[in-house]
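Engineer: I have a structure here, written as structure tokens, and I will follow up with some questions on it.
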Amino acid sequence: MPHAEVNVPASPAKGHAVPLHRLAHARAGDKGDRLNLVLFAFEPHHYETLVEQVTEERVLALFAHRGASRVRRYLMPGLAGMNLVIDDVLQGGVNGALNLDGHGKTLSYLLLGMSVVVDEA
Amino acid sequence: MTFLLGSGAGFSGDRTDAAIPVVRELIRRGQPAALIFETLGERTLAAAHRAMRDDPAAGYEPLLEELLTPVLDDCLKHGIAILGNFGAANPDGACRVVAELAARSERGGASIGRVHGDDIRARLGELDLQRWEAESRELPGEEALISANVYLGAAPLVEALEFGAEVVVSGRVADPALFLAPLVHHFGWAWNDWDRLAAGMMAGHLGECGAQVTGGYFADPGVKDVPGLATVGYPIIEVEEDGTLVVTKPAGTGGMVTARTVKEQLLYEVHDPANYLTPDVVVDLSSVRVEELGPDRVAVSGIRGKPAPQRLKTTVCYEGGWQGEAEISYAGPNALARAQLAAEVLRERLTFRAPPELRSRLDIVGHASVFDSDAGDLQRRLLTAAGGDYRLRLAAEHAERRWVERATQELLALYCAGPAGGGGVRRQFQRRVCTASYLVKRSDVEAFATLFDATLFETKMVNERRVAHAAR
């Protein structure tokens with residue numbers, strides 16, 4: 001089981017479970033206590049899988065243990081990706097957190113550890 | 001004619017030799033160009049104010065001399081303007097450094113512009129402040145306040161270029177405004193030409209983090225491989241008069257510019273892509289297109305702009321007490337169990353050895369650290385590994401240093417009173433500077449430029465005209 005995914009609802013899709021890392025790349029950015037994660041499908045045909053399975057609910061559950069209060073998802077179909085904006089997840093942000101990574105820069109890989117279900121093995 | 005924007009640094013602490021190949025390429029191309037140093041984050045501005053409190057001569061980018069020395073001569077000789085927010089908390093101090101470097105250059109001097117108006121600390125009490133939407137903190141009391149700086153737009157930077165500045169020194173400005181300013185100056189774009197201003201801001205957004213758009217902060221071995229990270233080329237953005245953008249990098253450098261590297265940076269630190277707020281324009285990326293034109297050449301188009309916001313973001317820095325950190329290692333058989341036992345011992349000790357308001361967290365690096373919450377949910381939940389190499393870290397924060405010393409002292413004491421085989425203890429303390437963000441009325445902010453007079457070692461008004469943001 002990938003790190004921290006204990007509380008994340010299973011994807012409703014049927015097929016083969018893989019980490020998001022196989023389908024997509026991501027980068028984290030921070031402003032204050034707000035984190036944004038940009039996520040892009042490597043292949044355009046996986047974009048719909050991301051839209052269907054990387055939902056605001058699942059992402060909020062993935063970051064619930066960090067105190068995340070809200071996730072907003074902005075779809076960017078022209079770029080085969082999305083922007084996920086997560087509030088109150090940095091436990092103080094760069095100048096207030098006790099975390100080694102106060103920016104939350106490593107959290108792009110927490111997202112990429114999330115399970116998604118694909119048809120192909 | 002194409003204008004070239006080169007990036008020389010993307011944050012404070014960036015590589016100080018990065019600008020050399022960029023400047024070499026700008027000279028080789030012989031087109032009008034500017035070189036931008038972006039060295040001021042939320043964290044670094046707070047650190048600069050802290051440094052200036054301890055030493056009034058400090059407070060500007062500590063690497064300024066190292067960043068400029070290798071390229072200043074060439075830029076002055078070839079008419080490449082240099083713009084940087086390396087003034088941080090002390091732009092006058094940075095101007096002095098630039099003046100001294102320029103005095104030693106072949107030219108024997110340079111025209112240095114200095115941007116004013118971002119520091120609103122003295123007026124904070126009288127301004128109409130609105131809380132930034134993601135801000136949950138209350139405005140600190142006067143006694144805790146260290147600084148308050150507005151994110152200025154490009155107008156005062158343009159004014160400095162109009163005065164003939166060859167090096168422009170600012171404190172807090174919106175990072176991409178450093179890139180927009182030479183475009184407005186060169187092309188004569190109007191301040192209500194929203195689509196062009198938006199394209200210029202996005203040229204800045206793509207370039208402001210240096211190598212983050214050219215393969216830096218992108219590599220993931222076997223998944224996203226990047227050649228030559230040790231010599232990664234910093235970006236050059238080609239901009240046309242109509243706002244057309246191409247991202248590229250100097251020939252012969254490492255890294256790569258692909259649609260993927262550009263897309264990751266395009267939305268970096270962006271919230272709503274249809275309403276990316278900057279001081280000079282609201283950028284709409286809904287229809288943005290990213291297209292590979294050839295090796296290391298990516299075009300970005302379809303950027304739209306909307307009228308500038310009526311309020312400007314302000315970041316307030318204030319005293320945040322003390323933070324201490326201490327670490328100890330456990331390795332070999334049953335290492336994780338020993339590290340977990342040590343964490344439990346510390347948790348119990350702190351309940352009666354430290355006051356209840358002490359904030360603390362414990363990480364076990366190698367097991368559960370950066371992904372974890374302050375409460376340690378993951379550390380308790382994950383399966384125990386048989387062996388390994390673990391590092392237990394305690395971080396604690398309190399208004400008084402003595403309580404942070406007391407708490408971290410408990411980790412040191414694990415040497416003799418904790419589990420078997422712990423070693424490599426380290427401990428450090430630092431003063432904390434906290435930040436909070438607010439919005440101020442554009443009409444309350446007066447931003448302008450002056451030329452720095454190296455003979456007087458102070459800034460001198462060369463013109464009574466002041467560019468108030470509200471007035472343009």
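Just remember, in the structure tokens the first chain shown is A, the second B, etc., residues are 1-based per chain, and ligands are 1-based in the order shown.
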Show which residues sit within 7 Å of Asp88 (chain A), as a list in words. Count only C-alpha atoms, and ignore same-chain residues fewer than 2 positions away.
Structural biologist: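 The residues that qualify are Asp33, Arg34, Gly67, Ala68, Ser69, Ile86, Leu90 and Gln91 of chain A.
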Engineer: Which parts of region 22-111 of chain A does DSSP call strand (DSSP E) when run on the backbone here, written out as a VMD selection string?
Structural biologist: chain A and resid 24 to 31 34 to 41 70 to 76 81 to 87
Engineer: Do a neighbour search on Tyr60 (chain B) at 8 Å with only C-alpha atoms, toss out local chain neighbours closer than 5 positions, and write the hits as a short mmCIF file (atom, residue, chain, number, x, y, z; two decimals) with C-alpha atoms, in the first residue's frame.
Structural biologist:
```cif
data_model
loop_
_atom_site.label_atom_id
_atom_site.label_comp_id
_atom_site.auth_asym_id
_atom_site.auth_seq_id
_atom_site.Cartn_x
_atom_site.Cartn_y
_atom_site.Cartn_z
CA ALA B 48 16.54 39.26 5.00
CA PHE B 86 18.19 41.14 -4.87
CA GLY B 87 17.66 44.34 -2.87
CA ALA B 88 15.40 42.25 -0.59
CA ALA B 89 14.96 44.15 2.69
CA ASN B 90 17.79 46.59 1.91
CA PRO B 91 17.87 47.80 -1.72
CA GLY B 93 22.74 48.12 0.51
CA ALA B 94 22.46 46.15 -2.72
#
```
Engineer: From the DSSP assignment of the backbone, select every residue of region 107-336 of chain B that is alpha helix (DSSP H), and format the answer as a PyMOL selection string.
Structural biologist: chain B and resi 155-162+177-187+194-207+259-266+335-336
Engineer: Choose the residue, out of A:Asp30, A:Pro9, A:Leu62, A:His46, that has the smallest atom-to-atom separation from Pro77 (chain A); count only C-alpha atoms.
Structural biologist: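 Selected residue with least distance to Pro77 (chain A): A:His46.
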Engineer: May I ask for the distance between CA of Glu400 (chain B) and CA of Asp55 (chain B), given in Å to one decimal place?
Structural biologist: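 Those two atoms sit 22.1 Å apart.
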Engineer: With only C-alpha atoms as the atoms that count, which of A:Leu112, A:Leu84, A:Ala13, A:Val18 lies nearest to chain B?
Structural biologist: A:Leu84
Engineer: Tell me, as a ChimeraX atom specification, which residues lie within 6 Å of region 40-42 of chain A, counting only C-alpha atoms; anything in the same chain fewer than 4 positions away does not count.
Structural biologist: /A:23-25,46-47,80-81
Engineer: Could you dump the residues just selected with C-alpha atoms as a PDB file, in the first residue's frame?
Structural biologist:
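Result file out00.pdb:
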```pdb
ATOM      1  CA  LEU A  23       0.415   7.759 -15.807  1.00  0.00           C
ATOM      2  CA  ALA A  24       1.263  11.296 -14.850  1.00  0.00           C
ATOM      3  CA  HIS A  25       3.860  13.829 -13.707  1.00  0.00           C
ATOM      4  CA  HIS A  46      -4.896   8.941 -19.893  1.00  0.00           C
ATOM      5  CA  TYR A  47      -6.310  12.414 -19.236  1.00  0.00           C
ATOM      6  CA  ALA A  80      -4.047  17.099 -20.609  1.00  0.00           C
ATOM      7  CA  GLY A  81      -3.764  18.039 -16.958  1.00  0.00           C
TER       8      GLY A  81
END
```
Engineer: For Val117 (chain A), work out the shell of residues within 10 Å, counting only C-alpha atoms and skipping chain neighbours fewer than 5 positions away, then give it as number ranges by chain.
Structural biologist: A: 10-20, 49-50, 53
Engineer: Compile the residues of chain A that lie within 7 Å of chain B, evaluated using only C-alpha atoms, and express the compilation as a list of chain:residue names.
Structural biologist: A:Ala4, A:Ala26, A:Arg27, A:Ala28, A:Gly29, A:Asp30, A:Lys31, A:Arg34, A:Asn36, A:Val38, A:His65, A:Arg66, A:Tyr74, A:Gly78, A:Val85, A:Val94, A:Asn95, A:Gly96, A:Leu98, A:Asn99, A:Leu100, A:Asp101, A:Leu107, A:Leu110
Engineer: Could you please determine the separation between CA of Thr106 (chain A) and CA of Asn334 (chain B) in Å, to one decimal place?
Structural biologist: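 So the two atoms, CA of Thr106 (chain A) and CA of Asn334 (chain B), lie 27.4 Å apart.
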Engineer: Using Å and a single decimal, report how far CA of Gly332 (chain B) sits from CA of Pro419 (chain B).
Structural biologist: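 Rounded to one decimal, the two atoms are 13.0 Å apart.
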Engineer: Have a look at A:Leu60, A:Ala97, A:Met82, A:Val54 and name the one nearest to Gly32 (chain A); count only C-alpha atoms.
Structural biologist: A:Ala97
Engineer: Residues within 12 Å of Val169 (chain B), please, as a PyMOL selection string. Count only C-alpha atoms; anything in the same chain fewer than 6 positions from it doesn't count.
Structural biologist: chain B and resi 36-39+60-61+64+81-99+111-116+156-158+160-161+178+449-452+459
Engineer: Those residues you just picked out, can you put them in a file as a tab-separated table (two decimals), in the first residue's frame with N, CA and C atoms?
Structural biologist:
```
chain	number	residue	atom	x	y	z
B	36	ILE	N	17.70	38.61	-15.83
B	36	ILE	CA	16.89	38.76	-14.63
B	36	ILE	C	17.39	37.83	-13.52
B	37	PHE	N	17.53	38.40	-12.34
B	37	PHE	CA	17.85	37.60	-11.15
B	37	PHE	C	16.65	37.66	-10.20
B	38	GLU	N	15.99	36.52	-10.00
B	38	GLU	CA	14.87	36.45	-9.05
B	38	GLU	C	15.38	35.70	-7.85
B	39	THR	N	15.55	36.40	-6.73
B	39	THR	CA	16.19	35.78	-5.57
B	39	THR	C	15.40	36.01	-4.27
B	60	TYR	N	20.24	42.41	2.12
B	60	TYR	CA	20.07	42.20	0.68
B	60	TYR	C	20.56	40.78	0.38
B	61	GLU	N	20.42	40.35	-0.88
B	61	GLU	CA	20.79	39.00	-1.26
B	61	GLU	C	22.26	38.71	-0.90
B	64	LEU	N	24.79	38.25	-3.75
B	64	LEU	CA	24.73	39.25	-4.83
B	64	LEU	C	26.07	39.40	-5.57
B	81	ALA	N	20.45	44.90	-20.05
B	81	ALA	CA	20.02	45.41	-18.75
B	81	ALA	C	19.91	44.26	-17.75
B	82	ILE	N	20.29	44.54	-16.51
B	82	ILE	CA	20.15	43.56	-15.43
B	82	ILE	C	19.07	44.04	-14.48
B	83	LEU	N	18.10	43.19	-14.19
B	83	LEU	CA	17.08	43.52	-13.21
B	83	LEU	C	17.04	42.42	-12.15
B	84	GLY	N	16.95	42.84	-10.87
B	84	GLY	CA	16.89	41.83	-9.81
B	84	GLY	C	16.17	42.35	-8.59
B	85	ASN	N	15.47	41.43	-7.91
B	85	ASN	CA	14.87	41.80	-6.62
B	85	ASN	C	15.86	41.48	-5.50
B	86	PHE	N	17.15	41.47	-5.84
B	86	PHE	CA	18.19	41.14	-4.87
B	86	PHE	C	18.38	42.23	-3.82
B	87	GLY	N	17.63	43.34	-3.93
B	87	GLY	CA	17.66	44.34	-2.87
B	87	GLY	C	17.02	43.82	-1.59
B	88	ALA	N	16.08	42.88	-1.73
B	88	ALA	CA	15.40	42.25	-0.59
B	88	ALA	C	14.94	43.31	0.42
B	89	ALA	N	15.39	43.21	1.67
B	89	ALA	CA	14.96	44.15	2.69
B	89	ALA	C	15.78	45.44	2.65
B	90	ASN	N	16.87	45.46	1.89
B	90	ASN	CA	17.79	46.59	1.91
B	90	ASN	C	18.31	46.93	0.51
B	91	PRO	N	17.45	47.47	-0.36
B	91	PRO	CA	17.87	47.80	-1.72
B	91	PRO	C	19.05	48.78	-1.77
B	92	ASP	N	19.11	49.72	-0.82
B	92	ASP	CA	20.24	50.65	-0.83
B	92	ASP	C	21.55	49.91	-0.62
B	93	GLY	N	21.53	48.92	0.27
B	93	GLY	CA	22.74	48.12	0.51
B	93	GLY	C	23.15	47.38	-0.75
B	94	ALA	N	22.16	46.86	-1.48
B	94	ALA	CA	22.46	46.15	-2.72
B	94	ALA	C	23.00	47.12	-3.76
B	95	CYS	N	22.44	48.34	-3.83
B	95	CYS	CA	22.93	49.34	-4.78
B	95	CYS	C	24.41	49.65	-4.52
B	96	ARG	N	24.78	49.72	-3.24
B	96	ARG	CA	26.20	49.98	-2.91
B	96	ARG	C	27.09	48.88	-3.45
B	97	VAL	N	26.66	47.64	-3.28
B	97	VAL	CA	27.46	46.51	-3.77
B	97	VAL	C	27.60	46.59	-5.29
B	98	VAL	N	26.48	46.85	-5.97
B	98	VAL	CA	26.52	46.93	-7.43
B	98	VAL	C	27.44	48.07	-7.87
B	99	ALA	N	27.33	49.21	-7.16
B	99	ALA	CA	28.16	50.38	-7.51
B	99	ALA	C	29.65	50.05	-7.35
B	111	SER	N	25.04	52.92	-14.46
B	111	SER	CA	23.85	53.63	-14.02
B	111	SER	C	22.95	52.61	-13.30
B	112	ILE	N	22.66	52.90	-12.02
B	112	ILE	CA	21.93	51.93	-11.20
B	112	ILE	C	20.59	52.53	-10.79
B	113	GLY	N	19.52	51.81	-11.09
B	113	GLY	CA	18.18	52.25	-10.70
B	113	GLY	C	17.73	51.52	-9.46
B	114	ARG	N	16.93	52.21	-8.65
B	114	ARG	CA	16.47	51.62	-7.40
B	114	ARG	C	14.96	51.86	-7.31
B	115	VAL	N	14.23	50.79	-7.01
B	115	VAL	CA	12.77	50.86	-6.92
B	115	VAL	C	12.36	51.12	-5.47
B	116	HIS	N	11.42	52.03	-5.30
B	116	HIS	CA	10.90	52.39	-3.98
B	116	HIS	C	9.41	52.08	-3.91
B	156	PRO	N	7.36	50.75	-11.72
B	156	PRO	CA	8.57	51.42	-11.23
B	156	PRO	C	9.86	50.85	-11.84
B	157	LEU	N	9.83	49.59	-12.24
B	157	LEU	CA	11.00	49.00	-12.92
B	157	LEU	C	11.17	49.62	-14.30
B	158	VAL	N	10.04	49.82	-14.99
B	158	VAL	CA	10.08	50.47	-16.30
B	158	VAL	C	10.61	51.89	-16.15
B	160	ALA	N	12.66	53.02	-13.96
B	160	ALA	CA	14.12	52.97	-13.78
B	160	ALA	C	14.82	52.77	-15.12
B	161	LEU	N	14.27	51.92	-15.98
B	161	LEU	CA	14.87	51.71	-17.31
B	161	LEU	C	14.77	52.99	-18.14
B	178	LEU	N	9.63	41.48	-13.05
B	178	LEU	CA	11.03	41.74	-13.41
B	178	LEU	C	11.26	41.45	-14.89
B	449	ALA	N	10.85	55.04	-9.07
B	449	ALA	CA	12.27	54.69	-9.18
B	449	ALA	C	13.13	55.93	-9.01
B	450	THR	N	14.36	55.70	-8.55
B	450	THR	CA	15.35	56.77	-8.54
B	450	THR	C	16.64	56.19	-9.11
B	451	LEU	N	17.56	57.08	-9.47
B	451	LEU	CA	18.90	56.61	-9.85
B	451	LEU	C	19.79	56.71	-8.62
B	452	PHE	N	20.62	55.72	-8.45
B	452	PHE	CA	21.53	55.66	-7.30
B	452	PHE	C	22.79	56.43	-7.64
B	459	THR	N	20.52	57.27	-2.62
B	459	THR	CA	19.70	57.44	-3.82
B	459	THR	C	19.33	58.89	-3.98
```
Engineer: Give me, as a PDB file with N, CA and C atoms, in the first residue's frame, all polymer residues having an atom no more than 9 Å from Glu241 (chain B), counting only C-alpha atoms and skipping those fewer than 4 positions away in the same chain.
Structural biologist:
```pdb
ATOM      1  N   MET B   1      11.131  43.299 -33.644  1.00  0.00           N
ATOM      2  CA  MET B   1      12.326  42.485 -33.403  1.00  0.00           C
ATOM      3  C   MET B   1      12.197  41.738 -32.073  1.00  0.00           C
ATOM      4  N   THR B   2      12.708  40.543 -32.074  1.00  0.00           N
ATOM      5  CA  THR B   2      12.616  39.713 -30.875  1.00  0.00           C
ATOM      6  C   THR B   2      13.377  40.334 -29.709  1.00  0.00           C
ATOM      7  N   PHE B   3      12.764  40.275 -28.526  1.00  0.00           N
ATOM      8  CA  PHE B   3      13.473  40.661 -27.309  1.00  0.00           C
ATOM      9  C   PHE B   3      13.758  39.384 -26.524  1.00  0.00           C
ATOM     10  N   LEU B 183      10.192  44.317 -21.314  1.00  0.00           N
ATOM     11  CA  LEU B 183       9.344  44.174 -22.507  1.00  0.00           C
ATOM     12  C   LEU B 183       8.510  45.430 -22.717  1.00  0.00           C
ATOM     13  N   HIS B 186      10.851  48.116 -23.884  1.00  0.00           N
ATOM     14  CA  HIS B 186      11.362  47.932 -25.235  1.00  0.00           C
ATOM     15  C   HIS B 186      10.276  48.094 -26.301  1.00  0.00           C
ATOM     16  N   PHE B 187       9.131  47.428 -26.079  1.00  0.00           N
ATOM     17  CA  PHE B 187       8.074  47.422 -27.104  1.00  0.00           C
ATOM     18  C   PHE B 187       7.107  48.591 -26.954  1.00  0.00           C
ATOM     19  N   TRP B 189       4.609  48.709 -24.866  1.00  0.00           N
ATOM     20  CA  TRP B 189       3.243  48.213 -24.633  1.00  0.00           C
ATOM     21  C   TRP B 189       2.486  49.151 -23.708  1.00  0.00           C
ATOM     22  N   ARG B 196      -1.123  41.509 -24.198  1.00  0.00           N
ATOM     23  CA  ARG B 196       0.341  41.586 -24.259  1.00  0.00           C
ATOM     24  C   ARG B 196       0.947  41.574 -22.850  1.00  0.00           C
TER      25      ARG B 196
END
```
